[in-house]
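Engineer: Structure provided below as structure tokens; questions to follow.
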2 protein chains.
Amino acid sequence: MPNGICGLYVIVDPAACAGRDPVDVARLALEGGAAMVQWRDKRCDKGDQISDARAIRKLCREHDALFIVNDHVDFALAVGADGVHLGQRDLSAAEARALVPEGFVVGVSTNNVEEAERAVADGASYVAVGSIFATDTKSTARPASPDTLRDVKRAVRLPVVAIGGINADNVEEAVAAGADAVAVISAVCAVDDVRAAAQELAARFKV
Amino acid sequence: MPNGICGLYVIVDPAACAGRDPVDVARLALEGGAAMVQWRDKRCDKGDQISDARAIRKLCREHDALFIVNDHVDFALAVGADGVHLGQRDLSAAEARALVPEGFVVGVSTNNVEEAERAVADGASYVAVGSIFATDTKSTARPASPDTLRDVKRAVRLPVVAIGGINADNVEEAVAAGADAVAVISAVCAVDDVRAAAQELAARFKV
């Protein structure tokens with residue numbers, strides 16, 4: 001049985017894996033202790049992503065980690081993911097919820113309390129809040145801060161995922177602000193030693 | 001009750017509507033006699049497409065036309081479309097079929113008999129064959145010919161949609177080769193008088 005929405009949440013984007021096989025990167029991140037993995041591929045058609053996504057889903061099962069797919073509910077269902085993660089310009093959580101079985105995880109990117117409260121009303125399973133630190137990975141990310149995260153955490157009763165520029169130096173600040181999970185891309189996927197980077201961040205969540 | 005897979009099939013792509021409102025273009029095409037409309041937007045996030053797609057779905061209902069969505073099964077379901085159209089690099093028809101209710105239309109782009117037969121085996125409702133004439137609209141289109149269409153029509157028992165460079169001058173050739181429907185983009189959506197262009201092509205299918 002996978003964990004809930006907590007701990008290290010690694011977003012595997014083939015474009016951000018420093019040219020390495022994204023399945024290998026996911027495996028190393030899971031070995032390092034990632035509790036959640038998200039598949040995010042903004043470039044390829046779904047058919048071209050399906051075998052990598054299924055391979056990562058299998059690895060997540062083996063590590064009791066949740067496997068989430070970015071943007072596409074149909075793809076998430078087709079590869080047997082545990083959930084889908086939606087941006088503010090994707091289908092809404094309510095629209096997604098209508099298409100998925102009970103217990104399916106539906107996460108929503110938010111940037112402020114208002115968006116987080118709407119996600120809750122729409123049936124989201126968690127909200128991500130970001131970008132809480134400066135990031136180069138996602139050029140369109142809207143700025144937020146640890147204070148935004150704190151406000152959202154106070155306003156909603158869902159798990160809150162911190163995202164945006166998180167690394168070993170600032171992860172404490174995100175957790176102190178109320179993050180149940182921290183989502184990272186480059187801090188794990190783009191570094192030389194993926195497993196060690198995951199381990200260092202995941203250690204923050206060990207009981 | 002909408003018609004089956006036959007007649008004029010207009011693909012409305014906001015990028016190919018000569019700057020006009022795609023909902024207006026769809027309305028004029030339906031007034032001109034389109035029996036099927038496909039929504040295809042490769043550029044925008046799904047959330048940004050939803051109100052246009054729902055508006056066109058409503059127009060299709062009023063005109064007893066089928067409304068099909070390109071690529072995304074989740075989006076097709078969310079907007080209440082009658083079906084989805086899949087390329088060779090999208091989810092397969094079998095993967096899509098597993099996500100949709102009975103009677104949902106699943107169309108597949110094919111380029112030869114082999115792909116058409118696989119689509120049939122996967123549970124497709126129709127196959128599109130193209131590009132049967134030269135086209136500028138889709139730069140990645142693989143060439144086929146009216147002979148390809150003829151071969152596919154002989155090989156499969158599904159409705160066959162001809163696509164690629166079809167216009168008033170060559171539509172007869174597509175129909176003579178066995179097309180149950182002809183799909184067009186620019187020949188209807190990019191011209192000054194959308195309604196008249198649709199009328200001219202649709203007239204070919206009137207009993």
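Each chain in the structure tokens gets a letter, A, B and so on, in the order shown; residues start at 1 in every chain, and ligands are counted from 1 in the order they appear.
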Hey, which bits of chain B sit within 7 Å of chain A, and for each residue what's the closest pair of atoms and how far apart in Å (one decimal), counting only C-alpha atoms, rows by chain and increasing number, as a tab-separated table?

Structural biologist:
```
residue	atom	partner	partner_atom	distance
B:Asp45	CA	A:Asp90	CA	5.8
B:Lys46	CA	A:Asp90	CA	5.0
B:Gly47	CA	A:Asp90	CA	4.3
B:Asp48	CA	A:Arg89	CA	6.1
B:Val73	CA	A:Asp74	CA	5.7
B:Asp74	CA	A:Asp74	CA	5.0
B:Ala78	CA	A:Glu95	CA	6.1
B:Arg89	CA	A:Gly47	CA	4.6
B:Asp90	CA	A:Gly47	CA	4.3
B:Leu91	CA	A:Gly47	CA	4.8
B:Glu95	CA	A:Ala78	CA	6.1
```

Engineer: Find the residues around B:Ile185 up to 6 Å (only C-alpha atoms counted), leave out those fewer than 3 positions away in its own chain, and share them as a PyMOL selection string.

Structural biologist: chain B and resi 11+188-189

Engineer: Residues near A:His63, anyone? I mean within 12 Å using only C-alpha atoms, not counting same-chain ones fewer than 6 positions away, as a short mmCIF file (atom, residue, chain, number, x, y, z; two decimals) with N, CA, C and O atoms, in the first residue's frame.

Structural biologist:
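Final output, around35.cif:
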```cif
data_model
loop_
_atom_site.label_atom_id
_atom_site.label_comp_id
_atom_site.auth_asym_id
_atom_site.auth_seq_id
_atom_site.Cartn_x
_atom_site.Cartn_y
_atom_site.Cartn_z
N MET A 1 0.86 -1.21 0.00
CA MET A 1 0.00 0.00 0.00
C MET A 1 0.89 1.25 0.00
O MET A 1 1.74 1.40 0.88
N PRO A 2 0.72 2.13 -1.00
CA PRO A 2 1.57 3.32 -1.04
C PRO A 2 1.28 4.24 0.15
O PRO A 2 0.23 4.17 0.77
N ASN A 3 2.26 5.07 0.43
CA ASN A 3 2.09 6.09 1.45
C ASN A 3 1.04 7.10 1.00
O ASN A 3 0.60 7.10 -0.14
N ALA A 26 14.12 7.77 -12.30
CA ALA A 26 13.03 7.46 -11.36
C ALA A 26 13.44 6.36 -10.40
O ALA A 26 13.18 6.42 -9.18
N ARG A 27 14.10 5.34 -10.92
CA ARG A 27 14.54 4.22 -10.08
C ARG A 27 15.50 4.68 -8.99
O ARG A 27 15.35 4.35 -7.81
N LEU A 28 16.45 5.51 -9.38
CA LEU A 28 17.43 6.02 -8.41
C LEU A 28 16.75 6.91 -7.37
O LEU A 28 17.07 6.85 -6.17
N ALA A 29 15.79 7.71 -7.82
CA ALA A 29 15.06 8.58 -6.88
C ALA A 29 14.27 7.75 -5.88
O ALA A 29 14.24 8.05 -4.68
N LEU A 30 13.68 6.67 -6.36
CA LEU A 30 12.92 5.79 -5.46
C LEU A 30 13.85 5.07 -4.50
O LEU A 30 13.56 4.93 -3.30
N GLU A 31 14.99 4.63 -5.00
CA GLU A 31 15.97 3.98 -4.12
C GLU A 31 16.46 4.95 -3.05
O GLU A 31 16.78 4.56 -1.92
N GLY A 32 16.49 6.23 -3.42
CA GLY A 32 16.90 7.25 -2.46
C GLY A 32 15.82 7.61 -1.46
O GLY A 32 16.08 8.32 -0.50
N GLY A 33 14.59 7.16 -1.72
CA GLY A 33 13.54 7.39 -0.73
C GLY A 33 12.38 8.25 -1.18
O GLY A 33 11.55 8.65 -0.36
N ALA A 34 12.25 8.54 -2.49
CA ALA A 34 11.08 9.30 -2.95
C ALA A 34 9.80 8.54 -2.59
O ALA A 34 9.71 7.34 -2.81
N ALA A 35 8.84 9.26 -2.05
CA ALA A 35 7.57 8.65 -1.66
C ALA A 35 6.51 8.82 -2.74
O ALA A 35 5.49 8.14 -2.74
N MET A 36 6.77 9.75 -3.65
CA MET A 36 5.85 10.01 -4.76
C MET A 36 6.70 10.34 -5.99
O MET A 36 7.70 11.04 -5.87
N VAL A 37 6.24 9.86 -7.14
CA VAL A 37 6.89 10.22 -8.40
C VAL A 37 5.82 10.72 -9.36
O VAL A 37 4.74 10.12 -9.46
N ILE A 56 7.85 3.17 -14.91
CA ILE A 56 8.00 3.92 -13.65
C ILE A 56 6.89 3.58 -12.67
O ILE A 56 7.10 3.45 -11.47
N ARG A 57 5.70 3.38 -13.21
CA ARG A 57 4.59 2.96 -12.35
C ARG A 57 4.95 1.65 -11.64
O ARG A 57 4.70 1.47 -10.44
#
```

Engineer: Can you tell me which residues surround A:Val184 at a distance of at most 9 Å, considering only C-alpha atoms, apart from same-chain residues fewer than 3 positions away, and format the answer as a list in words?

Structural biologist: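 Contacts, with the query itself left out: Leu8, Tyr9, Val10, Ile11, Val12, Ala162, Ile163, Gly164, Gly165, Ile166, Asn167, Ala187, Val188 and Cys189 of chain A.
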
Engineer: Would you save the residues of that selection, restricted to all heavy atoms, as a tab-separated table (two decimals), in the first residue's frame?

Structural biologist:
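The file below, result_9.tsv, is the result:
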```
chain	number	residue	atom	x	y	z
A	8	LEU	N	9.13	13.08	0.07
A	8	LEU	CA	9.78	13.61	-1.13
A	8	LEU	C	8.99	13.20	-2.37
A	8	LEU	O	8.71	12.02	-2.60
A	8	LEU	CB	11.21	13.07	-1.23
A	8	LEU	CG	11.96	13.46	-2.50
A	8	LEU	CD1	12.14	14.97	-2.60
A	8	LEU	CD2	13.31	12.74	-2.56
A	9	TYR	N	8.65	14.19	-3.18
A	9	TYR	CA	7.81	14.01	-4.37
A	9	TYR	C	8.69	14.43	-5.57
A	9	TYR	O	8.94	15.61	-5.77
A	9	TYR	CB	6.60	14.92	-4.21
A	9	TYR	CG	5.51	14.87	-5.27
A	9	TYR	CD1	4.32	15.57	-5.06
A	9	TYR	CD2	5.63	14.15	-6.45
A	9	TYR	CE1	3.29	15.56	-5.98
A	9	TYR	CE2	4.60	14.14	-7.37
A	9	TYR	CZ	3.44	14.85	-7.14
A	9	TYR	OH	2.42	14.84	-8.06
A	10	VAL	N	9.14	13.45	-6.32
A	10	VAL	CA	10.06	13.73	-7.43
A	10	VAL	C	9.32	13.76	-8.76
A	10	VAL	O	8.65	12.79	-9.13
A	10	VAL	CB	11.20	12.69	-7.48
A	10	VAL	CG1	12.10	12.93	-8.70
A	10	VAL	CG2	12.04	12.76	-6.19
A	11	ILE	N	9.44	14.88	-9.44
A	11	ILE	CA	8.81	15.03	-10.75
A	11	ILE	C	9.84	14.66	-11.82
A	11	ILE	O	10.89	15.31	-11.93
A	11	ILE	CB	8.32	16.47	-10.97
A	11	ILE	CG1	7.27	16.81	-9.90
A	11	ILE	CG2	7.77	16.66	-12.38
A	11	ILE	CD1	6.87	18.27	-9.87
A	12	VAL	N	9.55	13.60	-12.56
A	12	VAL	CA	10.47	13.12	-13.59
A	12	VAL	C	9.99	13.64	-14.94
A	12	VAL	O	8.96	13.22	-15.45
A	12	VAL	CB	10.56	11.58	-13.59
A	12	VAL	CG1	11.45	11.11	-14.73
A	12	VAL	CG2	11.09	11.09	-12.25
A	162	ALA	N	4.81	21.56	-1.30
A	162	ALA	CA	5.60	22.74	-1.68
A	162	ALA	C	6.34	22.44	-2.97
A	162	ALA	O	6.86	21.34	-3.16
A	162	ALA	CB	6.59	23.09	-0.58
A	163	ILE	N	6.40	23.43	-3.86
A	163	ILE	CA	7.12	23.22	-5.12
A	163	ILE	C	7.80	24.52	-5.55
A	163	ILE	O	7.33	25.61	-5.24
A	163	ILE	CB	6.17	22.70	-6.23
A	163	ILE	CG1	6.97	22.33	-7.48
A	163	ILE	CG2	5.06	23.69	-6.56
A	163	ILE	CD1	6.18	21.51	-8.49
A	164	GLY	N	8.91	24.35	-6.25
A	164	GLY	CA	9.59	25.50	-6.84
A	164	GLY	C	10.91	25.81	-6.17
A	164	GLY	O	10.94	26.38	-5.09
A	165	GLY	N	11.99	25.42	-6.80
A	165	GLY	CA	13.32	25.81	-6.33
A	165	GLY	C	13.74	25.17	-5.01
A	165	GLY	O	14.64	25.68	-4.33
A	166	ILE	N	13.11	24.07	-4.65
A	166	ILE	CA	13.45	23.43	-3.36
A	166	ILE	C	14.73	22.59	-3.52
A	166	ILE	O	14.89	21.86	-4.50
A	166	ILE	CB	12.28	22.56	-2.86
A	166	ILE	CG1	11.08	23.47	-2.53
A	166	ILE	CG2	12.69	21.74	-1.63
A	166	ILE	CD1	9.78	22.73	-2.34
A	167	ASN	N	15.62	22.72	-2.54
A	167	ASN	CA	16.86	21.93	-2.52
A	167	ASN	C	17.24	21.65	-1.07
A	167	ASN	O	16.49	22.02	-0.14
A	167	ASN	CB	17.96	22.68	-3.27
A	167	ASN	CG	18.18	24.07	-2.71
A	167	ASN	OD1	18.21	24.24	-1.49
A	167	ASN	ND2	18.30	25.06	-3.58
A	187	ALA	N	16.61	19.42	-8.57
A	187	ALA	CA	17.43	19.10	-7.39
A	187	ALA	C	17.68	17.61	-7.25
A	187	ALA	O	18.62	17.19	-6.57
A	187	ALA	CB	16.75	19.64	-6.11
A	188	VAL	N	16.85	16.80	-7.90
A	188	VAL	CA	17.09	15.35	-7.88
A	188	VAL	C	17.42	14.83	-9.29
A	188	VAL	O	18.39	14.10	-9.47
A	188	VAL	CB	15.87	14.59	-7.29
A	188	VAL	CG1	15.96	13.09	-7.58
A	188	VAL	CG2	15.78	14.84	-5.78
A	189	CYS	N	16.62	15.23	-10.28
A	189	CYS	CA	16.75	14.60	-11.61
A	189	CYS	C	17.93	15.11	-12.42
A	189	CYS	O	18.39	14.43	-13.33
A	189	CYS	CB	15.46	14.82	-12.41
A	189	CYS	SG	14.02	14.10	-11.60
```

Engineer: Would you list the contacts of B:Ala168 as a PDB file with N, CA, C and O atoms, in the first residue's frame, taking every protein, DNA or RNA residue within 9 Å and counting only C-alpha atoms, but skipping same-chain residues closer than 4 positions in sequence?

Structural biologist:
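Written output follows (part_39.pdb):
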```
ATOM      1  N   GLU B 172     -14.712  14.342 -55.496  1.00  0.00           N
ATOM      2  CA  GLU B 172     -15.293  13.225 -56.251  1.00  0.00           C
ATOM      3  C   GLU B 172     -14.344  12.026 -56.296  1.00  0.00           C
ATOM      4  O   GLU B 172     -14.768  10.877 -56.200  1.00  0.00           O
ATOM      5  N   ALA B 187     -10.001  23.817 -46.478  1.00  0.00           N
ATOM      6  CA  ALA B 187     -10.976  23.998 -47.568  1.00  0.00           C
ATOM      7  C   ALA B 187     -12.299  24.570 -47.068  1.00  0.00           C
ATOM      8  O   ALA B 187     -13.073  25.135 -47.844  1.00  0.00           O
ATOM      9  N   ALA B 197     -18.616  27.039 -48.707  1.00  0.00           N
ATOM     10  CA  ALA B 197     -17.610  25.997 -48.964  1.00  0.00           C
ATOM     11  C   ALA B 197     -18.096  24.653 -48.405  1.00  0.00           C
ATOM     12  O   ALA B 197     -17.948  23.604 -49.050  1.00  0.00           O
ATOM     13  N   GLU B 200     -20.953  23.263 -50.620  1.00  0.00           N
ATOM     14  CA  GLU B 200     -20.496  22.682 -51.876  1.00  0.00           C
ATOM     15  C   GLU B 200     -19.973  21.258 -51.661  1.00  0.00           C
ATOM     16  O   GLU B 200     -20.269  20.348 -52.438  1.00  0.00           O
ATOM     17  N   LEU B 201     -19.204  21.073 -50.580  1.00  0.00           N
ATOM     18  CA  LEU B 201     -18.654  19.741 -50.303  1.00  0.00           C
ATOM     19  C   LEU B 201     -19.730  18.793 -49.787  1.00  0.00           C
ATOM     20  O   LEU B 201     -19.784  17.616 -50.166  1.00  0.00           O
TER      21      LEU B 201
END
```

Engineer: As a PyMOL selection string, which residues of chain A does DSSP assign to strand (DSSP E or B)?

Structural biologist: chain A and resi 7-12+36-39+66-70+83-86+105-110+126-130+160-163+181-184

Engineer: Residues at most 10 Å from A:Arg157, counting only C-alpha atoms, excluding those fewer than 6 positions away in the same chain, as an MDAnalysis selection string?

Structural biologist: chainID A and resid 117 120 125:127

Engineer: What does the structure give for the distance between atom CA of B:Asp82 and atom CA of B:Arg54, in Å to one decimal?

Structural biologist: 11.7 Å

Engineer: Any idea what the distance is between atom CA of A:Val129 and atom CA of A:Val113?

Structural biologist: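 Atom CA of A:Val113 lies 9.2 Å from atom CA of A:Val129.
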
Engineer: As a VMD selection string, please: all residues of stretch 99-146 of chain B that backbone DSSP puts in alpha helix (DSSP H).

Structural biologist: chain B and resid 113 to 121 146

Engineer: What is the distance between atom CA of A:Gly130 and atom CA of A:Ala183, in Å to one decimal?

Structural biologist: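 For atom CA of A:Gly130 relative to atom CA of A:Ala183, the distance reads 9.7 Å.
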